[in-house]
There are 4 protein chains.
Amino acid sequence: MEETSDLYDVYETDIHPVWTDHQHQSLEDPESVECLRRKIKYYFMNPCEKYHARGRKPWKLILQIIKIAIITIQLVSFGLSNQMVVTFREENLMTFKHLFLKDYVDGSMDTYAVYRQADVYDRIDYVIKQFGLLHNNTVGNHEYEKNGTNFTPLSMCQDFYRNGTLYPGNETFEIDAHVDTECIKVYPMRWQASREKLPHFELYFRRMLSVRIEFVLKAINLQTVRHRELPDCYDFKVIITFDNQAHSGRIKIDLENDVEINECVEWKVTGASARNIFLTVLFDCLIIVTCITSFCLCTRSILNGIQLQFEYTLSCRTHSDKEVPWSDRLEFVNGWYILIIVSDTLTIIGSILKIEIQTKALTSYDVCSIFLGTGTMFVWIGVIRYMGYFRKYNTLILTLRAAFPNVIRFICCAGIIYLSYCLCGWIVLGPYHEKASIPDLEHSV
Amino acid sequence: MEETSDLYDVYETDIHPVWTDHQHQSLEDPESVECLRRKIKYYFMNPCEKYHARGRKPWKLILQIIKIAIITIQLVSFGLSNQMVVTFREENLMTFKHLFLKDYVDGSMDTYAVYRQADVYDRIDYVIKQFGLLHNNTVGNHEYEKNGTNFTPLSMCQDFYRNGTLYPGNETFEIDAHVDTECIKVYPMRWQASREKLPHFELYFRRMLSVRIEFVLKAINLQTVRHRELPDCYDFKVIITFDNQAHSGRIKIDLENDVEINECVEWKVTGASARNIFLTVLFDCLIIVTCITSFCLCTRSILNGIQLQFEYTLSCRTHSDKEVPWSDRLEFVNGWYILIIVSDTLTIIGSILKIEIQTKALTSYDVCSIFLGTGTMFVWIGVIRYMGYFRKYNTLILTLRAAFPNVIRFICCAGIIYLSYCLCGWIVLGPYHEKASIPDLEHSV
Amino acid sequence: MEETSDLYDVYETDIHPVWTDHQHQSLEDPESVECLRRKIKYYFMNPCEKYHARGRKPWKLILQIIKIAIITIQLVSFGLSNQMVVTFREENLMTFKHLFLKDYVDGSMDTYAVYRQADVYDRIDYVIKQFGLLHNNTVGNHEYEKNGTNFTPLSMCQDFYRNGTLYPGNETFEIDAHVDTECIKVYPMRWQASREKLPHFELYFRRMLSVRIEFVLKAINLQTVRHRELPDCYDFKVIITFDNQAHSGRIKIDLENDVEINECVEWKVTGASARNIFLTVLFDCLIIVTCITSFCLCTRSILNGIQLQFEYTLSCRTHSDKEVPWSDRLEFVNGWYILIIVSDTLTIIGSILKIEIQTKALTSYDVCSIFLGTGTMFVWIGVIRYMGYFRKYNTLILTLRAAFPNVIRFICCAGIIYLSYCLCGWIVLGPYHEKASIPDLEHSV
Amino acid sequence: MEETSDLYDVYETDIHPVWTDHQHQSLEDPESVECLRRKIKYYFMNPCEKYHARGRKPWKLILQIIKIAIITIQLVSFGLSNQMVVTFREENLMTFKHLFLKDYVDGSMDTYAVYRQADVYDRIDYVIKQFGLLHNNTVGNHEYEKNGTNFTPLSMCQDFYRNGTLYPGNETFEIDAHVDTECIKVYPMRWQASREKLPHFELYFRRMLSVRIEFVLKAINLQTVRHRELPDCYDFKVIITFDNQAHSGRIKIDLENDVEINECVEWKVTGASARNIFLTVLFDCLIIVTCITSFCLCTRSILNGIQLQFEYTLSCRTHSDKEVPWSDRLEFVNGWYILIIVSDTLTIIGSILKIEIQTKALTSYDVCSIFLGTGTMFVWIGVIRYMGYFRKYNTLILTLRAAFPNVIRFICCAGIIYLSYCLCGWIVLGPYHEKASIPDLEHSV
């Protein structure tokens, strides 16, 4: 009896002083109350105390520790594999900029613009010429898309106001605000073979809104072969935009890159075993099993807690006619368990996606990385819980929990002033120093 | 009686402990005093308390909340429209730099200078040639200004000392410090037609102070058509300065851009309805009405407060022969109401300007944005007041108010030391590291 | 009596509690003691209290306020004039870099180096050619120095080890570490006239330590004429160094600029009156007079304080046989007065220098700016003293004075750890990341 | 007796309050206990107190002060000498980049890449041509490595997949993941003499993984001669890599530099005495002797402390039957002495290495700098100990010691959250903004 009362004190002072006040008042009398008190006491013990009190081995704790280790390994391995995909995508974008934009220098995209009519024609010609020469030029394995036996053409479209006569010198104008589009198509092979001149294309600078050049290139990410994964096939839709919407004499040129990752139609890889993939999938399955176990155990604990809370509420009501406040009731629901359940759910979904990606049934690297990443983050944050088992940390965490609402209030107050300042600054100063003010707003959001 | 006394305590402890001291001493006795006490108590209640005490609905509070919402919407819509104007202006400046300054690269304006005589002639020739070719070159809708049937010419002026013979080798010089100006005019069409050489122009480098090239270009901001606003006509006065005032061998070249926004003389827009403008103007009118209502209500409250203060002063003087100090009297004037009145005034002026701009009667986007921006900022800051109605925040605000004078004092003290350091640093170190020190001074101001 | 005792209390609590303890114990008895007590009391009063106590007008305070105003005006006017000088110097350095260094781009000085033998010869040829063409090229008023009727030549010197045969392939070498110097001179006119080839000059790359090209150019700073000051004549000694001390295959090129400012030999300025200079000198004289007055008054006050201290020490010794500790004795010497005396001395010297510069007897702008700058800084810092006359600030300053030794101790302690870290970092990491570590050391000094 | 008890109190309050509690309880009775108490008291005194108590001169303190001075001098002298070595190495790397990489600009290494097939051939040709011309080009004293009488050749190797047919257009591929290597060798002299074309070399872009060009250059660091040190001979293994592992169309080019520092085989230096080296070695020996002395003294003190601790433990056990806790026992082991011993050991090893380097028996500058650097840092940190002898600092240090565990705990807790955030961020956001996330991880490690 001595030892347990000692433990009980620990529990009283450390975890919920509020709740124990009620307990003292209400559960003074009969045997059933004593039984409930013991149950509650045991429920709020931490694994070490449970081991000391009833000798129960901390299986759940051990499971969590193993889970942290294997989830982290999985995340890192997936991260490395994901990085290869993203690197391939980004380096291709850089390659297209260097191949199709004349005089492009790394990092100059912000100031890449033309200011003369001749330059606009020149840049467009350059793109079309380079598209025709791609095969002999590129260092990578880019190829034109095939539509049956023919290659799909490059398409160039001009958007312009339907009608418009402008005389800025006389300050008079007449404009029809409807937007028309005019397109031409350039087939790589035909144009290249005949060595004829480029198709004629006139730009109506005064009325023009934009010129868009679009074409599709295909490539294979061979890099993954060396890491014993199957290569993916990529479709790059390159979009080059000449933006003249402001009609300010400056045409901004932009190159974008829509990527689609597909499983290749036919492949044959020799010199690299498929065993590696099998092992990875096995490891992912192990993680799924671990997470399901952890999920079940935590759900059971939470259900136990809720049941105990109902018993306690009932007991309080019958013995001392007092309603247990909500804040005390919530003490029975352990937030850490909920965190673990959420993290388990995320990890299970992420692992299933990963297996699909590994077996080339899916290529959604992004979604999978979000699931696995947030899952792992929650598991790691859960580690702080185990620190609560040491006395000193407990105090720290309790203090933080107490200070939280005040901090939130202060942030609210400061936030409103800052937001109003931002709004005003954005309107008054904003447009004159674009770089200074707009990011301010973005940072505040 | 119980409840109101309870409320009264709230008021005592929270809002003006100083003032209530006097009250306790002076207002002990008759019935009229009790009446005044109640009035004052009611006056200092917040909307919630007023509702509890007398059941008065918080109309003023609801009005303010509505005002915040609609003013913010108005500000954002105006901000977006204003940004289009500023973007047009800035992109035109960039265009002119690229068109008229030889070898100009984005962001190199700080180091854009010439060091050789031949280069100076070369840059001037380039400007004049490009001015002549503008029509065939520019991607925007720039045109020369017309003065009747003729185009207005480009004017190039040279400022130089009237007379000066310098022999630095012998360390002797003779100079007449009067400044003379010599100008030539270049008509775009005439020069271009005859293909003759540029007019002869000699620069007296040793005596020259500066060369200024000025010309006017016109353009129409078509961009706004797409946002269902009428396009404005712009006059850009381009000023290129070759600055040789230091005679240090370095001639700094600068391009500036004086913009004038005018209503176009004649226009015809099809394919875009004018209904949108009508709705915007209606919305602005709604804001003006709301602000006038809010203005009246707050003025009334302030007048009530002043009247109450006089009654209270009188009562104190008659009953207890004590003068009410100024700090207590000022408690009757609610600072928040003044803030709201100021913000209302600004918003009303801003909204009227906005209507004028929308209907193309005015083009002063800058002034309007200052009025609307500061008005909205004040309204948002006023939100903090409503936080004072919650207990905890009240303490926060009271603490801040108490600490304010000390902070001001500390800033004064530190400011003087910093200012003296800046002054000294500016003189001793300043000129050697221009970029380091001068901004320091500017930041401190 | 009532009023003065009140004042006395102010003095006790505010300024030196330590000292007053002694006073209470020792000065209880006779009349002479009472007289001394009054004297001391009066001595420690601030101007306001003195005015209240004996009606003495605060002349010294008024003098200081006037001094601050006029000294600041003088500093700003000198600062503007000094900036013109420094700008001229710096812009000339930029000009020389652009004229004499091939392919120089603003801001590239750190990476301006050559790596090939042909490039070294090329850069040297470029310098010599540009020196010959200077007259037709420069936009400023640069001229060659004249030595009688002849121009002074450009001199090019090569430093190299006296003897050295290196066979890195066999890892053998033989070297004589004595350094020899070989020079040639190039006269601008002669070389230019005959259009003959540059004089032959062979570089011994393997043994060479450096090549130095030196020449002198003269210029007149005309800029000052417009600000009604007389122009100065400048001698620029341009030194271009090709540094090969490391023999690493990289020859760093550096251009330096030794400036000498002289009074011009003969001049004649029309169109600008000399009255302005006369007024400036008059203003400087006024400042000197003000500072001398302030200096005398403060010296008198300090002497009074020292005398009073001796009287007090004597009185203590005779009446209560106690030695007055040094900390109490120092209380009699007012630190603020010493600050004012120092600032006055600096300002007087600075003003005399300024008059000399204005009348072109001296050209040491730097020294003068240091004197005037520090003088003004001290005067401004002295303003804080007057803040001590307000109660609240006094507390602030006393608190700061009490906390000072602890802060110093902490800085010592942290300084040692930081210094040791820097030393270690400099040795271990330093050389590999030059930019990261060396500045660290410099910042710590 | 009075004085020692006074000293004793100092010791009690200042250094280990915990331990003295036990002492009070246990050592109340006999004479031997009194003797032990005095020993312990003496042991815990600081040098000043020891001098006051028994008149012992603080030899150890003086030795430490001398040590700090000479070690710092040694470190600075070695640092300067080391910097020369590293500068030579880094400037050679810069030189190689400028000589062998076409169109290389300082600082552009990150974006130095090629995107076209013709460019790849062009860059490779450039390297080989420049390698052949090195002799006539380089400004430094670089030479080819000799292998007997022949020069060692430049080797160029191509890594590629053994077999591979890719049709990205059809999304089909067949690849053999084994990597083959194909090399050619280019002898500088032979190729240069015959002026024949470069050896034929075909790149299989679709299958190629990388092209590596390697060659060895030799040089002598003559710079050290001027600082009276013997020059070293350097072998630079230059490795230029064309990295195509991603097959993304971008081939990144990288130049690396493996340096080997050797003693030269034969040398002859005149004009610089060898005496300097002799003096330096002597100084190093002096430091070694000083450090050994300090090492011995500190070891003795620690042994004394341990012995005393055993006596004290025994005494406690016999007299009061109490076990002395470990925390009290550890008080007998002076941490500062351990710091000094570690620092002495490091400095002795470092100094021996330095002598070896000075006499050209070794060239491991890096290792030596780590030993000397950390050694000196520890000695300097040890200075803080002497500050503990002043009362005020003592308090400071004791406070820091008490706060330490809490700080560690907080860092642990925050570290885990941060680490989890980094892991998640690295996976989810990382690959998209390489520069933002990866350094985060690196910084956190």
# chains A, B, ... in the order shown; residues from 1 in each chain; ligands from 1
>>> residues_around(residues="Tyr204 in chain C", least_positions_apart="6", cutoff="10 Å", atoms="only C-alpha atoms", output="MDAnalysis selection string")
(chainID C and resid 158:161) or (chainID D and resid 139)
>>> residues_around(residues="Ile175 in chain C", least_positions_apart="2", cutoff="10 Å", atoms="only C-alpha atoms", output="MDAnalysis selection string")
(chainID C and resid 161:166 173 177:178 207) or (chainID D and resid 222 225 267:272)
>>> interface_residues(of="chain C", to="chain B", cutoff="6 Å", atoms="only C-alpha atoms", output="PyMOL selection string")
chain C and resi 79+83+86+88+91-92+95+137-141+143+145-146+218-220+223+264-271+369-370+373+377+380-381
>>> write_last_selection(atoms="N, CA and C atoms", output="mmCIF file, in the first residue's frame")
data_model
loop_
_atom_site.group_PDB
_atom_site.id
_atom_site.type_symbol
_atom_site.label_atom_id
_atom_site.label_comp_id
_atom_site.auth_asym_id
_atom_site.auth_seq_id
_atom_site.Cartn_x
_atom_site.Cartn_y
_atom_site.Cartn_z
ATOM 1 N N GLY C 79 30.783 68.589 -43.671
ATOM 2 C CA GLY C 79 30.569 67.240 -44.195
ATOM 3 C C GLY C 79 30.234 67.272 -45.675
ATOM 4 N N GLN C 83 32.527 65.714 -48.573
ATOM 5 C CA GLN C 83 32.025 64.649 -49.430
ATOM 6 C C GLN C 83 32.380 64.910 -50.896
ATOM 7 N N VAL C 86 35.895 63.695 -51.403
ATOM 8 C CA VAL C 86 36.042 62.244 -51.417
ATOM 9 C C VAL C 86 35.411 61.656 -52.681
ATOM 10 N N PHE C 88 35.205 63.042 -55.583
ATOM 11 C CA PHE C 88 36.138 63.298 -56.678
ATOM 12 C C PHE C 88 37.253 62.250 -56.691
ATOM 13 N N GLU C 91 35.717 58.719 -57.648
ATOM 14 C CA GLU C 91 35.316 58.610 -59.043
ATOM 15 C C GLU C 91 36.542 58.586 -59.939
ATOM 16 N N ASN C 92 37.608 59.300 -59.558
ATOM 17 C CA ASN C 92 38.837 59.234 -60.333
ATOM 18 C C ASN C 92 39.416 57.820 -60.298
ATOM 19 N N THR C 95 37.535 55.838 -62.661
ATOM 20 C CA THR C 95 37.907 56.215 -64.023
ATOM 21 C C THR C 95 39.210 55.544 -64.439
ATOM 22 N N ASN C 137 41.363 60.626 -74.899
ATOM 23 C CA ASN C 137 40.370 59.687 -74.401
ATOM 24 C C ASN C 137 39.554 60.220 -73.244
ATOM 25 N N THR C 138 40.238 60.723 -72.240
ATOM 26 C CA THR C 138 39.570 60.984 -70.965
ATOM 27 C C THR C 138 38.504 62.062 -71.095
ATOM 28 N N VAL C 139 37.473 61.878 -70.323
ATOM 29 C CA VAL C 139 36.357 62.796 -70.281
ATOM 30 C C VAL C 139 36.607 63.875 -69.228
ATOM 31 N N GLY C 140 37.461 63.577 -68.262
ATOM 32 C CA GLY C 140 37.814 64.533 -67.220
ATOM 33 C C GLY C 140 38.939 65.447 -67.695
ATOM 34 N N ASN C 141 39.507 66.242 -66.766
ATOM 35 C CA ASN C 141 40.595 67.129 -67.163
ATOM 36 C C ASN C 141 41.946 66.606 -66.678
ATOM 37 N N GLU C 143 45.798 65.380 -66.896
ATOM 38 C CA GLU C 143 46.972 65.711 -67.706
ATOM 39 C C GLU C 143 48.208 65.067 -67.105
ATOM 40 N N GLU C 145 51.955 64.855 -65.604
ATOM 41 C CA GLU C 145 52.753 65.735 -64.770
ATOM 42 C C GLU C 145 53.897 66.281 -65.609
ATOM 43 N N LYS C 146 54.264 67.528 -65.372
ATOM 44 C CA LYS C 146 55.380 68.118 -66.109
ATOM 45 C C LYS C 146 56.557 68.300 -65.189
ATOM 46 N N LYS C 218 47.547 64.582 -63.260
ATOM 47 C CA LYS C 218 47.095 65.756 -62.514
ATOM 48 C C LYS C 218 45.680 66.130 -62.942
ATOM 49 N N ALA C 219 44.940 66.701 -62.007
ATOM 50 C CA ALA C 219 43.567 67.114 -62.336
ATOM 51 C C ALA C 219 43.153 68.242 -61.409
ATOM 52 N N ILE C 220 42.117 68.962 -61.812
ATOM 53 C CA ILE C 220 41.573 70.047 -60.990
ATOM 54 C C ILE C 220 40.132 69.707 -60.630
ATOM 55 N N GLN C 223 34.441 71.064 -59.467
ATOM 56 C CA GLN C 223 33.136 70.941 -58.842
ATOM 57 C C GLN C 223 32.897 71.997 -57.757
ATOM 58 N N CYS C 264 46.333 75.196 -55.979
ATOM 59 C CA CYS C 264 46.789 75.440 -57.338
ATOM 60 C C CYS C 264 47.745 76.639 -57.340
ATOM 61 N N VAL C 265 48.641 76.676 -58.325
ATOM 62 C CA VAL C 265 49.657 77.719 -58.369
ATOM 63 C C VAL C 265 49.043 79.067 -58.768
ATOM 64 N N GLU C 266 48.279 79.041 -59.834
ATOM 65 C CA GLU C 266 47.668 80.286 -60.303
ATOM 66 C C GLU C 266 46.201 80.042 -60.591
ATOM 67 N N TRP C 267 45.373 81.008 -60.227
ATOM 68 C CA TRP C 267 43.977 80.800 -60.589
ATOM 69 C C TRP C 267 43.272 82.133 -60.795
ATOM 70 N N LYS C 268 42.160 82.042 -61.471
ATOM 71 C CA LYS C 268 41.322 83.223 -61.690
ATOM 72 C C LYS C 268 39.887 82.739 -61.854
ATOM 73 N N VAL C 269 39.056 83.102 -60.898
ATOM 74 C CA VAL C 269 37.662 82.685 -60.963
ATOM 75 C C VAL C 269 36.788 83.912 -61.115
ATOM 76 N N THR C 270 35.954 83.936 -62.109
ATOM 77 C CA THR C 270 34.976 85.019 -62.245
ATOM 78 C C THR C 270 33.576 84.426 -62.137
ATOM 79 N N GLY C 271 32.621 85.267 -61.854
ATOM 80 C CA GLY C 271 31.237 84.785 -61.799
ATOM 81 C C GLY C 271 30.858 84.119 -60.493
ATOM 82 N N SER C 369 38.111 66.367 -40.321
ATOM 83 C CA SER C 369 36.813 65.714 -40.132
ATOM 84 C C SER C 369 36.815 64.852 -38.878
ATOM 85 N N ILE C 370 37.957 64.253 -38.538
ATOM 86 C CA ILE C 370 38.019 63.455 -37.301
ATOM 87 C C ILE C 370 37.832 64.359 -36.090
ATOM 88 N N GLY C 373 34.214 65.764 -36.084
ATOM 89 C CA GLY C 373 33.247 64.684 -35.883
ATOM 90 C C GLY C 373 33.199 64.216 -34.445
ATOM 91 N N MET C 377 30.229 64.633 -31.648
ATOM 92 C CA MET C 377 29.648 63.454 -31.008
ATOM 93 C C MET C 377 29.639 63.609 -29.489
ATOM 94 N N TRP C 380 26.969 66.002 -28.324
ATOM 95 C CA TRP C 380 25.642 65.397 -28.358
ATOM 96 C C TRP C 380 25.448 64.411 -27.225
ATOM 97 N N ILE C 381 26.490 63.616 -26.960
ATOM 98 C CA ILE C 381 26.369 62.668 -25.850
ATOM 99 C C ILE C 381 26.152 63.447 -24.554
#
>>> residues_around(residues="Gly375 in chain B", least_positions_apart="2", cutoff="7 Å", atoms="only C-alpha atoms", output="VMD selection string")
chain B and resid 343 to 344 346 to 347 371 to 373 377 to 379
>>> write_last_selection(atoms="N, CA and C atoms", output="CSV table (one decimal), in the first residue's frame")
chain,number,residue,atom,x,y,z
B,343,SER,N,-10.4,57.9,-39.4
B,343,SER,CA,-10.4,56.9,-40.4
B,343,SER,C,-11.6,57.1,-41.3
B,344,ASP,N,-12.8,57.5,-40.8
B,344,ASP,CA,-14.0,57.7,-41.6
B,344,ASP,C,-13.7,58.9,-42.6
B,346,LEU,N,-10.9,60.0,-43.7
B,346,LEU,CA,-9.9,59.6,-44.8
B,346,LEU,C,-10.7,58.7,-45.8
B,347,THR,N,-11.5,57.8,-45.3
B,347,THR,CA,-12.1,56.8,-46.3
B,347,THR,C,-13.1,57.6,-47.2
B,371,PHE,N,-5.1,57.9,-49.2
B,371,PHE,CA,-6.3,58.1,-48.4
B,371,PHE,C,-6.9,56.8,-48.0
B,372,LEU,N,-7.1,56.0,-49.0
B,372,LEU,CA,-7.8,54.7,-48.7
B,372,LEU,C,-7.0,53.8,-47.8
B,373,GLY,N,-5.7,53.8,-48.1
B,373,GLY,CA,-4.8,52.9,-47.4
B,373,GLY,C,-4.7,53.3,-45.9
B,377,MET,N,-6.1,51.2,-42.6
B,377,MET,CA,-5.2,50.8,-41.5
B,377,MET,C,-5.8,51.2,-40.2
B,378,PHE,N,-6.3,52.4,-40.1
B,378,PHE,CA,-6.8,52.9,-38.9
B,378,PHE,C,-8.0,52.1,-38.4
B,379,VAL,N,-8.9,51.7,-39.4
B,379,VAL,CA,-10.0,50.9,-39.1
B,379,VAL,C,-9.6,49.6,-38.5
>>> select_by_dssp(residues="range 133-320 of chain B", states="alpha helix (DSSP H)", output="PyMOL selection string")
chain B and resi 133-137+188-194+275-320
>>> select_by_dssp(residues="range 13-258 of chain A", states="strand (DSSP E)", output="JSON, numbers by chain")
{"A": [113, 114, 143, 144, 146, 147, 150, 151, 154, 155, 156, 157, 158, 159, 160, 161, 162, 163, 164, 165, 166, 167, 172, 173, 174, 175, 176, 177, 178, 179, 180, 181, 182, 183, 184, 185, 186, 208, 209, 210, 211, 212, 213, 214, 215, 216, 217, 218, 219, 220, 233, 234, 235, 236, 237, 238, 239, 240, 241, 242, 243, 251, 252, 253, 254, 255, 256, 257, 258]}
>>> write_last_selection(atoms="C-alpha atoms", output="PDB file, in the first residue's frame")
ATOM      1  CA  ALA A 113      12.392  39.749 -72.113  1.00  0.00           C
ATOM      2  CA  VAL A 114      12.487  41.411 -75.530  1.00  0.00           C
ATOM      3  CA  GLU A 143      12.601  12.551 -78.853  1.00  0.00           C
ATOM      4  CA  TYR A 144       9.513  13.972 -80.558  1.00  0.00           C
ATOM      5  CA  LYS A 146       4.711  10.174 -82.259  1.00  0.00           C
ATOM      6  CA  ASN A 147       1.109  10.222 -83.248  1.00  0.00           C
ATOM      7  CA  ASN A 150       3.802  11.032 -87.837  1.00  0.00           C
ATOM      8  CA  PHE A 151       5.497  13.202 -85.293  1.00  0.00           C
ATOM      9  CA  LEU A 154       4.984  22.231 -82.681  1.00  0.00           C
ATOM     10  CA  SER A 155       2.032  24.613 -82.432  1.00  0.00           C
ATOM     11  CA  MET A 156       2.401  28.375 -82.277  1.00  0.00           C
ATOM     12  CA  CYS A 157      -0.628  30.502 -81.381  1.00  0.00           C
ATOM     13  CA  GLN A 158      -1.153  34.243 -81.316  1.00  0.00           C
ATOM     14  CA  ASP A 159      -3.879  35.832 -79.149  1.00  0.00           C
ATOM     15  CA  PHE A 160      -4.985  39.318 -80.215  1.00  0.00           C
ATOM     16  CA  TYR A 161      -7.904  41.716 -79.925  1.00  0.00           C
ATOM     17  CA  ARG A 162     -10.265  41.126 -82.796  1.00  0.00           C
ATOM     18  CA  ASN A 163     -10.032  44.642 -84.081  1.00  0.00           C
ATOM     19  CA  GLY A 164      -8.211  47.711 -82.990  1.00  0.00           C
ATOM     20  CA  THR A 165      -6.909  50.965 -84.373  1.00  0.00           C
ATOM     21  CA  LEU A 166      -4.789  52.961 -81.967  1.00  0.00           C
ATOM     22  CA  TYR A 167      -3.453  56.486 -82.481  1.00  0.00           C
ATOM     23  CA  THR A 172      -7.749  58.297 -79.894  1.00  0.00           C
ATOM     24  CA  PHE A 173      -8.456  54.587 -80.170  1.00  0.00           C
ATOM     25  CA  GLU A 174     -11.087  52.125 -81.265  1.00  0.00           C
ATOM     26  CA  ILE A 175     -10.937  48.590 -79.928  1.00  0.00           C
ATOM     27  CA  ASP A 176     -12.958  45.411 -79.961  1.00  0.00           C
ATOM     28  CA  ALA A 177     -12.194  43.610 -76.700  1.00  0.00           C
ATOM     29  CA  HIS A 178     -12.981  40.127 -78.041  1.00  0.00           C
ATOM     30  CA  VAL A 179      -9.875  37.951 -78.209  1.00  0.00           C
ATOM     31  CA  ASP A 180      -9.138  35.954 -81.369  1.00  0.00           C
ATOM     32  CA  THR A 181      -6.552  33.181 -81.703  1.00  0.00           C
ATOM     33  CA  GLU A 182      -4.496  32.293 -84.785  1.00  0.00           C
ATOM     34  CA  CYS A 183      -2.381  29.134 -84.866  1.00  0.00           C
ATOM     35  CA  ILE A 184       0.125  27.453 -87.158  1.00  0.00           C
ATOM     36  CA  LYS A 185       1.681  24.005 -86.839  1.00  0.00           C
ATOM     37  CA  VAL A 186       5.299  23.137 -87.661  1.00  0.00           C
ATOM     38  CA  MET A 208      -1.376  41.109 -79.721  1.00  0.00           C
ATOM     39  CA  LEU A 209      -1.900  39.756 -76.182  1.00  0.00           C
ATOM     40  CA  SER A 210       0.471  36.804 -76.243  1.00  0.00           C
ATOM     41  CA  VAL A 211       2.259  34.236 -78.400  1.00  0.00           C
ATOM     42  CA  ARG A 212       2.327  30.645 -77.148  1.00  0.00           C
ATOM     43  CA  ILE A 213       4.598  27.947 -78.571  1.00  0.00           C
ATOM     44  CA  GLU A 214       3.833  24.415 -77.441  1.00  0.00           C
ATOM     45  CA  PHE A 215       5.365  21.034 -78.218  1.00  0.00           C
ATOM     46  CA  VAL A 216       5.816  17.674 -76.550  1.00  0.00           C
ATOM     47  CA  LEU A 217       9.114  15.869 -75.998  1.00  0.00           C
ATOM     48  CA  LYS A 218       9.610  12.390 -74.600  1.00  0.00           C
ATOM     49  CA  ALA A 219      12.471  10.996 -72.523  1.00  0.00           C
ATOM     50  CA  ILE A 220      13.413   8.033 -70.358  1.00  0.00           C
ATOM     51  CA  CYS A 233       9.027   7.263 -69.331  1.00  0.00           C
ATOM     52  CA  TYR A 234       8.457  11.026 -69.249  1.00  0.00           C
ATOM     53  CA  ASP A 235       6.298  13.310 -71.411  1.00  0.00           C
ATOM     54  CA  PHE A 236       7.482  16.917 -71.270  1.00  0.00           C
ATOM     55  CA  LYS A 237       4.993  19.447 -72.593  1.00  0.00           C
ATOM     56  CA  VAL A 238       7.114  22.542 -73.206  1.00  0.00           C
ATOM     57  CA  ILE A 239       5.188  25.836 -73.249  1.00  0.00           C
ATOM     58  CA  ILE A 240       6.974  29.037 -74.270  1.00  0.00           C
ATOM     59  CA  THR A 241       4.937  32.194 -73.676  1.00  0.00           C
ATOM     60  CA  PHE A 242       5.620  35.684 -75.073  1.00  0.00           C
ATOM     61  CA  ASP A 243       3.479  37.831 -72.771  1.00  0.00           C
ATOM     62  CA  ILE A 251       7.440  41.251 -73.907  1.00  0.00           C
ATOM     63  CA  LYS A 252       8.308  38.854 -71.129  1.00  0.00           C
ATOM     64  CA  ILE A 253       9.312  35.359 -72.301  1.00  0.00           C
ATOM     65  CA  ASP A 254       8.617  32.400 -70.084  1.00  0.00           C
ATOM     66  CA  LEU A 255       9.281  28.673 -70.501  1.00  0.00           C
ATOM     67  CA  GLU A 256       7.218  26.153 -68.581  1.00  0.00           C
ATOM     68  CA  ASN A 257       7.303  22.421 -68.426  1.00  0.00           C
ATOM     69  CA  ASP A 258       4.307  20.168 -67.769  1.00  0.00           C
TER      70      ASP A 258
END
>>> atom_distance(atom1="CA of Phe131 in chain A", atom2="CA of Tyr187 in chain A")
9.5 Å
